[in-house]
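Listing of coords.txt; format and content: compact mmCIF, C-alpha atoms.
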```
# COMPACT_ATOMS: atom_id res chain seq x y z
CA MET C 258 52.65 125.53 -44.48
CA ARG C 259 56.18 124.84 -43.23
CA VAL C 260 58.30 127.78 -42.14
CA LEU C 261 62.03 127.41 -41.63
CA GLY C 262 63.32 129.96 -39.14
CA ILE C 263 67.04 130.62 -39.20
CA ASP C 264 69.40 132.33 -36.78
CA PRO C 265 72.54 132.77 -38.88
CA GLY C 266 76.12 132.88 -37.71
CA SER C 267 79.50 132.11 -39.22
CA ARG C 268 80.25 129.40 -36.63
CA TYR C 269 76.82 128.30 -35.42
CA LEU C 270 73.65 128.46 -37.49
CA GLY C 271 70.41 127.73 -35.67
CA TYR C 272 67.42 126.42 -37.59
CA GLY C 273 63.89 125.53 -36.62
CA LEU C 274 61.08 124.22 -38.78
CA VAL C 275 57.51 124.91 -37.68
CA GLU C 276 54.36 123.68 -39.39
CA TRP C 277 50.98 125.34 -39.17
CA ARG C 278 48.38 122.64 -38.60
CA GLY C 279 44.97 124.26 -38.76
CA ARG C 280 44.76 125.70 -35.27
CA ALA C 281 48.25 125.30 -33.91
CA ALA C 282 51.90 125.49 -34.86
CA ALA C 283 53.85 122.28 -34.44
CA HIS C 284 57.56 121.64 -34.16
CA VAL C 285 58.95 119.55 -37.04
CA THR C 286 62.69 119.72 -36.52
CA SER C 287 65.37 122.05 -35.19
CA GLY C 288 69.05 122.10 -34.47
CA VAL C 289 72.31 123.88 -34.81
CA LEU C 290 74.81 123.58 -37.66
CA LYS C 291 78.45 124.09 -36.84
CA ALA C 292 81.57 125.16 -38.66
CA GLU C 293 85.09 124.78 -37.32
CA ALA C 294 86.42 128.07 -35.96
CA SER C 295 89.90 127.08 -37.14
CA GLN C 296 88.76 127.03 -40.77
CA PRO C 297 88.96 130.13 -42.97
CA LEU C 298 85.69 131.97 -43.51
CA HIS C 299 85.01 130.67 -47.03
CA ARG C 300 85.28 127.07 -45.85
CA ARG C 301 83.04 127.73 -42.84
CA LEU C 302 80.42 129.26 -45.12
CA LEU C 303 80.59 126.25 -47.43
CA ARG C 304 80.26 123.83 -44.53
CA LEU C 305 77.18 125.64 -43.23
CA SER C 306 75.72 125.95 -46.73
CA ASN C 307 76.10 122.23 -47.42
CA GLN C 308 74.49 121.27 -44.12
CA LEU C 309 71.64 123.76 -44.51
CA GLN C 310 71.03 122.58 -48.05
CA ALA C 311 70.50 119.09 -46.63
CA VAL C 312 67.89 120.53 -44.24
CA PHE C 313 66.11 122.20 -47.16
CA GLU C 314 66.13 118.97 -49.15
CA LEU C 315 65.00 116.77 -46.28
CA TYR C 316 62.22 118.98 -44.94
CA GLN C 317 61.07 121.02 -47.95
CA PRO C 318 60.10 124.28 -46.25
CA ASP C 319 57.55 126.59 -47.92
CA ALA C 320 59.14 129.81 -46.66
CA VAL C 321 62.18 131.05 -44.77
CA ALA C 322 62.13 133.54 -41.90
CA VAL C 323 65.10 135.39 -40.40
CA GLU C 324 65.54 138.22 -37.99
CA GLY C 325 66.11 141.50 -39.75
CA VAL C 326 69.11 143.58 -38.75
CA PHE C 327 68.03 147.14 -38.21
CA THR C 328 70.79 148.43 -35.99
CA HIS C 329 74.29 147.17 -35.43
CA LYS C 330 76.87 148.93 -33.32
CA ASN C 331 79.94 147.11 -34.53
CA ALA C 332 80.81 147.29 -38.24
CA ARG C 333 83.22 144.35 -38.02
CA SER C 334 80.65 141.98 -36.55
CA ALA C 335 78.02 143.35 -38.97
CA LEU C 336 80.34 142.40 -41.82
CA ILE C 337 80.71 138.83 -40.54
CA LEU C 338 76.98 138.57 -39.88
CA GLY C 339 76.37 139.69 -43.45
CA HIS C 340 78.47 136.78 -44.77
CA ALA C 341 76.56 134.38 -42.51
CA ARG C 342 73.10 135.70 -43.47
CA CYS C 343 73.90 135.26 -47.15
CA VAL C 344 74.00 131.46 -46.76
CA PRO C 345 70.28 130.94 -45.96
CA LEU C 346 69.25 133.76 -48.30
CA LEU C 347 71.05 132.15 -51.25
CA LEU C 348 69.67 128.69 -50.47
CA ALA C 349 66.14 130.08 -50.15
CA ALA C 350 66.48 131.87 -53.48
CA GLN C 351 67.88 128.73 -55.11
CA ALA C 352 64.85 126.80 -53.84
CA GLY C 353 62.52 129.50 -55.17
CA LEU C 354 61.35 130.43 -51.66
CA GLU C 355 60.54 133.82 -50.24
CA VAL C 356 62.50 135.19 -47.29
CA TYR C 357 60.67 137.07 -44.56
CA GLU C 358 62.45 139.34 -42.11
CA TYR C 359 61.16 140.40 -38.73
CA ALA C 360 62.50 142.89 -36.24
CA PRO C 361 63.96 141.21 -33.15
CA SER C 362 61.48 143.06 -30.94
CA ARG C 363 58.58 141.76 -33.01
CA VAL C 364 59.89 138.19 -32.83
CA LYS C 365 60.10 138.40 -29.04
CA LYS C 366 56.62 139.86 -28.72
CA SER C 367 55.25 137.27 -31.10
CA VAL C 368 56.18 134.45 -28.75
CA GLY C 369 55.11 136.45 -25.71
CA ALA C 370 58.62 137.10 -24.42
CA GLY C 371 58.34 140.91 -24.50
CA GLY C 372 60.63 143.24 -26.39
CA GLY C 373 63.25 143.63 -23.67
CA ASP C 374 63.38 140.09 -22.38
CA SER C 375 66.39 137.84 -22.54
CA LYS C 376 67.13 134.88 -24.79
CA ASP C 377 66.19 132.63 -21.83
CA SER C 378 62.70 134.06 -21.90
CA VAL C 379 62.41 133.44 -25.64
CA ALA C 380 63.59 129.86 -25.17
CA ARG C 381 61.08 129.29 -22.34
CA MET C 382 58.17 130.60 -24.41
CA VAL C 383 59.20 128.73 -27.57
CA ALA C 384 59.41 125.50 -25.55
CA ARG C 385 55.92 126.08 -24.13
CA LEU C 386 54.35 127.05 -27.45
CA LEU C 387 55.78 124.01 -29.22
CA SER C 388 55.51 121.55 -26.31
CA LEU C 389 59.24 120.97 -26.23
CA PRO C 390 61.56 120.56 -23.27
CA ASN C 391 63.41 123.82 -22.61
CA ASP C 392 66.81 122.27 -23.19
CA PHE C 393 67.78 123.77 -26.53
CA GLN C 394 71.36 123.03 -27.46
CA ARG C 395 72.00 126.72 -28.02
CA ALA C 396 69.98 129.95 -28.02
CA ASP C 397 70.44 129.93 -31.81
CA VAL C 398 67.93 127.07 -31.95
CA SER C 399 65.20 128.70 -29.85
CA ASP C 400 65.77 132.00 -31.65
CA ALA C 401 65.35 130.25 -35.01
CA LEU C 402 62.11 128.62 -33.83
CA ALA C 403 60.91 131.98 -32.50
CA VAL C 404 61.30 133.70 -35.87
CA ALA C 405 59.55 130.79 -37.59
CA LEU C 406 56.65 131.16 -35.12
CA CYS C 407 56.66 134.90 -35.77
CA HIS C 408 56.17 134.30 -39.48
CA VAL C 409 53.38 131.79 -38.89
CA HIS C 410 51.80 134.43 -36.70
CA SER C 411 52.08 137.13 -39.36
CA LEU C 412 50.36 134.81 -41.84
CA ARG C 413 47.49 134.27 -39.47
CA MET C 414 47.31 137.91 -38.38
CA PRO C 415 48.39 140.02 -41.36
CA ARG C 416 47.41 143.24 -39.58
CA ALA C 417 49.89 142.64 -36.79
CA SER C 418 52.56 144.65 -38.54
CA THR C 419 50.53 147.87 -38.65
CA SER C 420 49.40 150.45 -36.09
CA GLY C 421 50.01 150.18 -32.39
CA ALA C 422 48.14 146.91 -32.09
CA ARG C 423 51.18 144.64 -32.35
CA ARG C 424 51.12 143.43 -28.83
CA GLY C 425 47.40 142.81 -28.92
CA ALA C 426 47.71 140.94 -32.17
CA ALA C 427 50.50 138.82 -30.74
CA ASP C 428 48.39 138.01 -27.71
CA SER C 429 45.47 137.08 -29.92
CA PHE C 430 47.70 134.83 -31.92
CA LEU C 431 49.10 133.16 -28.83
CA ALA C 432 45.61 132.72 -27.51
CA ARG C 433 44.62 130.88 -30.66
CA LEU C 434 47.77 128.82 -30.63
CA LYS C 435 47.79 127.59 -27.06
CA PRO C 436 45.38 129.34 -24.71
CA SER C 437 46.67 127.66 -21.59
CA VAL C 438 50.24 128.62 -22.38
CA VAL C 439 49.34 132.24 -22.80
CA ARG C 440 47.69 132.31 -19.44
CA ALA C 441 50.59 130.59 -17.80
CA ALA C 442 53.03 133.11 -19.27
CA SER C 443 51.11 136.25 -18.47
CA MET P 445 98.31 130.35 -62.84
CA ARG P 446 94.98 132.11 -63.29
CA VAL P 447 93.84 134.48 -60.56
CA LEU P 448 90.27 135.73 -60.44
CA GLY P 449 90.07 139.09 -58.69
CA ILE P 450 86.66 140.10 -57.41
CA ASP P 451 85.23 143.41 -56.22
CA PRO P 452 81.99 142.33 -54.59
CA GLY P 453 78.77 144.30 -54.26
CA SER P 454 75.10 143.48 -53.89
CA ARG P 455 74.17 145.28 -57.14
CA TYR P 456 77.40 145.28 -59.13
CA LEU P 457 80.13 142.64 -58.85
CA GLY P 458 83.35 143.36 -60.69
CA TYR P 459 85.58 140.48 -61.78
CA GLY P 460 88.91 140.29 -63.53
CA LEU P 461 90.92 137.24 -64.50
CA VAL P 462 94.68 137.61 -64.83
CA GLU P 463 97.10 134.91 -65.95
CA TRP P 464 100.76 134.79 -65.06
CA ARG P 465 102.73 133.90 -68.19
CA GLY P 466 106.34 133.43 -67.23
CA ARG P 467 107.47 137.04 -67.09
CA ALA P 468 104.27 139.02 -67.31
CA ALA P 469 100.67 139.05 -66.20
CA ALA P 470 98.11 138.98 -68.99
CA HIS P 471 94.45 139.93 -69.03
CA VAL P 472 92.14 137.01 -69.77
CA THR P 473 88.68 138.41 -69.15
CA SER P 474 86.91 140.95 -66.98
CA GLY P 475 83.53 142.52 -66.56
CA VAL P 476 80.77 143.48 -64.22
CA LEU P 477 77.82 141.36 -63.13
CA LYS P 478 74.60 143.14 -62.30
CA ALA P 479 71.56 142.49 -60.17
CA GLU P 480 68.35 144.47 -60.37
CA ALA P 481 68.08 146.99 -57.55
CA SER P 482 64.31 146.43 -57.48
CA GLN P 483 64.77 142.78 -56.51
CA PRO P 484 64.94 141.68 -52.87
CA LEU P 485 68.41 140.94 -51.53
CA HIS P 486 68.16 137.13 -51.70
CA ARG P 487 67.24 137.25 -55.39
CA ARG P 488 70.04 139.71 -56.15
CA LEU P 489 72.53 137.41 -54.42
CA LEU P 490 71.26 134.43 -56.41
CA ARG P 491 71.49 136.35 -59.68
CA LEU P 492 75.09 137.35 -58.95
CA SER P 493 75.96 133.85 -57.76
CA ASN P 494 74.60 132.22 -60.92
CA GLN P 495 76.48 134.62 -63.18
CA LEU P 496 79.73 134.30 -61.22
CA GLN P 497 79.43 130.53 -61.25
CA ALA P 498 79.36 130.71 -65.06
CA VAL P 499 82.59 132.74 -64.96
CA PHE P 500 84.20 130.08 -62.73
CA GLU P 501 83.07 127.30 -65.07
CA LEU P 502 84.12 129.08 -68.25
CA TYR P 503 87.53 130.30 -67.12
CA GLN P 504 88.60 127.81 -64.43
CA PRO P 505 90.60 130.10 -62.13
CA ASP P 506 93.28 128.61 -59.87
CA ALA P 507 92.75 131.09 -57.02
CA VAL P 508 90.45 133.91 -55.98
CA ALA P 509 91.58 137.29 -54.64
CA VAL P 510 89.43 139.90 -52.92
CA GLU P 511 90.11 143.07 -51.03
CA GLY P 512 90.04 142.52 -47.30
CA VAL P 513 87.84 144.76 -45.19
CA PHE P 514 89.82 146.03 -42.25
CA THR P 515 87.89 149.11 -41.31
CA HIS P 516 84.33 150.10 -42.07
CA LYS P 517 82.65 153.18 -40.71
CA ASN P 518 79.06 152.26 -41.45
CA ALA P 519 77.63 149.08 -39.92
CA ARG P 520 74.66 149.02 -42.32
CA SER P 521 76.83 149.09 -45.44
CA ALA P 522 79.24 146.59 -43.81
CA LEU P 523 76.30 144.23 -43.35
CA ILE P 524 75.31 144.48 -47.03
CA LEU P 525 78.94 144.14 -48.12
CA GLY P 526 79.17 140.99 -46.00
CA HIS P 527 76.24 139.44 -47.89
CA ALA P 528 77.88 140.39 -51.20
CA ARG P 529 81.33 139.06 -50.24
CA CYS P 530 79.84 135.71 -49.29
CA VAL P 531 78.91 135.00 -52.93
CA PRO P 532 82.48 134.71 -54.32
CA LEU P 533 83.74 133.10 -51.09
CA LEU P 534 81.13 130.33 -51.30
CA LEU P 535 81.76 129.73 -55.00
CA ALA P 536 85.51 129.59 -54.42
CA ALA P 537 85.04 127.10 -51.60
CA GLN P 538 82.69 125.01 -53.74
CA ALA P 539 85.34 124.93 -56.46
CA GLY P 540 87.99 123.92 -53.90
CA LEU P 541 89.93 127.15 -54.41
CA GLU P 542 91.76 129.25 -51.88
CA VAL P 543 90.71 132.84 -51.25
CA TYR P 544 93.38 135.49 -50.72
CA GLU P 545 92.64 138.84 -49.13
CA TYR P 546 94.70 141.99 -49.50
CA ALA P 547 94.43 145.32 -47.78
CA PRO P 548 93.16 148.05 -50.14
CA SER P 549 96.37 150.05 -49.58
CA ARG P 550 98.47 147.06 -50.59
CA VAL P 551 96.41 146.51 -53.74
CA LYS P 552 96.90 150.12 -54.78
CA LYS P 553 100.63 150.02 -54.11
CA SER P 554 100.93 146.73 -55.96
CA VAL P 555 99.75 148.31 -59.21
CA GLY P 556 101.77 151.45 -58.56
CA ALA P 557 98.81 153.68 -57.79
CA GLY P 558 99.98 154.64 -54.29
CA GLY P 559 97.98 154.11 -51.13
CA GLY P 560 96.07 157.37 -51.20
CA ASP P 561 95.33 157.60 -54.90
CA SER P 562 91.87 157.52 -56.41
CA LYS P 563 90.09 154.75 -58.25
CA ASP P 564 90.94 156.61 -61.47
CA SER P 565 94.61 156.13 -60.72
CA VAL P 566 94.10 152.40 -60.10
CA ALA P 567 92.19 152.09 -63.39
CA ARG P 568 94.93 153.95 -65.29
CA MET P 569 97.69 151.72 -63.87
CA VAL P 570 95.71 148.48 -64.38
CA ALA P 571 95.08 149.47 -68.00
CA ARG P 572 98.79 150.13 -68.54
CA LEU P 573 99.96 146.97 -66.81
CA LEU P 574 97.57 144.78 -68.81
CA SER P 575 97.74 146.71 -72.11
CA LEU P 576 94.05 147.49 -72.02
CA PRO P 577 92.25 150.68 -72.97
CA ASN P 578 91.36 152.67 -69.87
CA ASP P 579 87.64 152.51 -70.51
CA PHE P 580 86.49 150.07 -67.85
CA GLN P 581 82.74 149.83 -67.61
CA ARG P 582 82.91 150.54 -63.88
CA ALA P 583 85.61 150.99 -61.25
CA ASP P 584 84.50 147.57 -59.92
CA VAL P 585 86.21 146.02 -62.96
CA SER P 586 89.56 147.79 -62.63
CA ASP P 587 89.51 147.21 -58.87
CA ALA P 588 88.92 143.49 -59.44
CA LEU P 589 91.82 143.33 -61.90
CA ALA P 590 93.99 145.25 -59.42
CA VAL P 591 93.45 142.73 -56.63
CA ALA P 592 94.15 139.88 -59.06
CA LEU P 593 97.42 141.59 -60.04
CA CYS P 594 98.20 142.08 -56.36
CA HIS P 595 97.89 138.35 -55.76
CA VAL P 596 100.06 137.50 -58.76
CA HIS P 597 102.58 139.95 -57.33
CA SER P 598 102.51 138.32 -53.89
CA LEU P 599 103.17 134.95 -55.51
CA ARG P 600 106.21 136.31 -57.30
CA MET P 601 107.47 138.38 -54.38
CA PRO P 602 106.44 136.57 -51.20
CA ARG P 603 108.43 138.97 -49.05
CA ALA P 604 106.38 141.94 -50.19
CA SER P 605 104.04 141.58 -47.26
CA THR P 606 106.68 141.94 -44.58
CA SER P 607 108.79 144.81 -43.20
CA GLY P 608 108.84 148.30 -44.58
CA ALA P 609 109.94 147.14 -48.00
CA ARG P 610 106.47 146.87 -49.51
CA ARG P 611 106.79 149.76 -51.86
CA GLY P 612 110.17 148.63 -53.09
CA ALA P 613 108.91 145.13 -53.61
CA ALA P 614 105.94 146.45 -55.56
CA ASP P 615 108.26 148.55 -57.72
CA SER P 616 110.48 145.56 -58.37
CA PHE P 617 107.49 143.54 -59.36
CA LEU P 618 106.22 146.26 -61.65
CA ALA P 619 109.67 146.59 -63.14
CA ARG P 620 109.66 142.91 -64.01
CA LEU P 621 106.16 143.14 -65.40
CA LYS P 622 106.44 146.18 -67.60
CA PRO P 623 109.52 148.32 -67.07
CA SER P 624 108.38 151.12 -69.37
CA VAL P 625 105.08 151.39 -67.57
CA VAL P 626 106.74 151.73 -64.21
CA ARG P 627 108.88 154.57 -65.47
CA ALA P 628 105.91 156.29 -67.03
CA ALA P 629 103.98 156.06 -63.77
CA SER P 630 106.74 157.18 -61.42
```
Mind converting the file's structure to structure tokens?
Amino acid sequence: MRVLGIDPGSRYLGYGLVEWRGRAAAHVTSGVLKAEASQPLHRRLLRLSNQLQAVFELYQPDAVAVEGVFTHKNARSALILGHARCVPLLLAAQAGLEVYEYAPSRVKKSVGAGGGDSKDSVARMVARLLSLPNDFQRADVSDALAVALCHVHSLRMPRASTSGARRGAADSFLARLKPSVVRAAS
Amino acid sequence: MRVLGIDPGSRYLGYGLVEWRGRAAAHVTSGVLKAEASQPLHRRLLRLSNQLQAVFELYQPDAVAVEGVFTHKNARSALILGHARCVPLLLAAQAGLEVYEYAPSRVKKSVGAGGGDSKDSVARMVARLLSLPNDFQRADVSDALAVALCHVHSLRMPRASTSGARRGAADSFLARLKPSVVRAAS
């Protein structure tokens, strides 16, 4: 099972592919796609779409995961984000894949970063969980890997989304993924 | 010169193709594309994208025009609108076409409906200007035709977008399009 996590943006699009291998999630590939800020929006979207399509074709994900947007203070930035989110959604639909959305707080908890922690904390935990150096090119990359891990988690622990047991379920998941990492992070 | 006007939405996408023929703009085709509300967003976007791509292939527009979004009160609906707007922008970019955006007030003025008038007024004026019955399936269709007409207008009257002479420029344009209609509407 390969899950492609995506952190969309109209200039930078982070992606991270994670594979569930029996008892642990492994990093397959990740990176950031870029579009020239000087280009008009429709050309930026095309540039990102073409690059992301190449990722889909090269790595053949089984599912796509993105952060859901549940609140947004600024309508203008929400509008731009909407354009950017459409790119992975369309490509996923074209490939016949399902798209899974997770609340940002759930994504953070899923990697053990805690709901209120910073992007640095997410990056640190993602690096530990996937045995990667914590030198992600941008937070978009670690955020994309985090949402991919969150989906892998939800597959392994389908009850994590119900009741007040989210945190416990996340801990259990982390424990099964990499026990030593969980201890180090707690 | 064929201009495809689009009024995007995540359930209904209005389109209207207008051709400039020397001294007048003529209606080529128009309609509304639909996506099932029961489908998840990524499948709705794909459905609309596939249908709109067929319109592009069948009618070979030279340019695409959409209403710009300059203010939006609700961030949630702005986010959904952003997803929906991405569909025509991506298809236009894939076809190598430029995308032109016009303020809603300018679109209304361009067809002689006045900035504060209702969608009914836009539909009535679009029907008159293009010699169509005023029985558009949805306002999305007349709005799409209106923004296409607005772009044709801007091509003929490039100064319309500057200074306080917008209304006069729009009237002049309308006068050249269909003098009797302009009188009837004034």
Separation of CA of Ala588 (chain P) from CA of Gly558 (chain P), in Å and rounded to one decimal: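 Pair CA of Ala588 (chain P) / CA of Gly558 (chain P) returns 16.5 Å.
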By how many Å are CA of Met445 (chain P) and CA of Val499 (chain P) apart?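 For CA of Met445 (chain P) relative to CA of Val499 (chain P), the distance reads 16.0 Å.
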What does the structure give for the distance between CA of Gly339 (chain C) and CA of Ile524 (chain P), in Å to one decimal?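 Calculated distance between CA of Gly339 (chain C) and CA of Ile524 (chain P) is 6.1 Å.
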Using all atoms listed in the file, I'd like every residue of chain C that has an atom within 7 Å of chain P; please write them out as a VMD selection string. chain C and resid 299 to 300 302 to 303 329 to 332 335 to 340 342 to 343 346 to 347 350 to 351
Looking at all atoms listed in the file, which of C:Glu276, C:Asp264, C:Glu293, C:Asp392 is the one that sits closest to Val364 (chain C)? C:Asp264
Just need the box for region 378-384 of chain C, edges along x, y and z, holding every atom the file lists for it with 4 Å tacked onto each side, so centre and edge lengths in Å to one decimal, as lines of an AutoDock Vina configuration file.
```
center_x = 60.9
center_y = 129.8
center_z = -24.7
size_x = 13.4
size_y = 16.6
size_z = 13.7
```
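Of the residues under consideration (C:Ser267, C:Tyr359, C:Thr286, C:Arg259), C:Arg259 shows the shortest atom-to-atom contact distance to Gln317 (chain C) when counting all atoms listed in the file.
Distances to Pro452 (chain P) were evaluated for P:Leu477, P:His597, P:Pro505, P:Gln497 using all atoms listed in the file, and the minimum falls at P:Leu477.
Residue neighbourhood of His408 (chain C), excluding near-sequence residues (fewer than 2 positions): Val260, Ala322, Tyr357, Tyr359, Val404, Ala405, Leu406, His410, Ser411 and Leu412 of chain C, at 8 Å, using all atoms listed in the file.
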With only C-alpha atoms as the counted atoms, please give the residues lying no more than 6 Å from Glu511 (chain P), apart from itself and same-chain residues fewer than 5 positions off, as a short mmCIF file (atom, residue, chain, number, x, y, z; two decimals) with C-alpha atoms, in the frame of the given file.
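Output file out_11.cif follows:
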```
data_model
loop_
_atom_site.label_atom_id
_atom_site.label_comp_id
_atom_site.auth_asym_id
_atom_site.auth_seq_id
_atom_site.Cartn_x
_atom_site.Cartn_y
_atom_site.Cartn_z
CA GLU P 545 92.64 138.84 -49.13
CA TYR P 546 94.70 141.99 -49.50
CA ALA P 547 94.43 145.32 -47.78
CA PRO P 548 93.16 148.05 -50.14
#
```
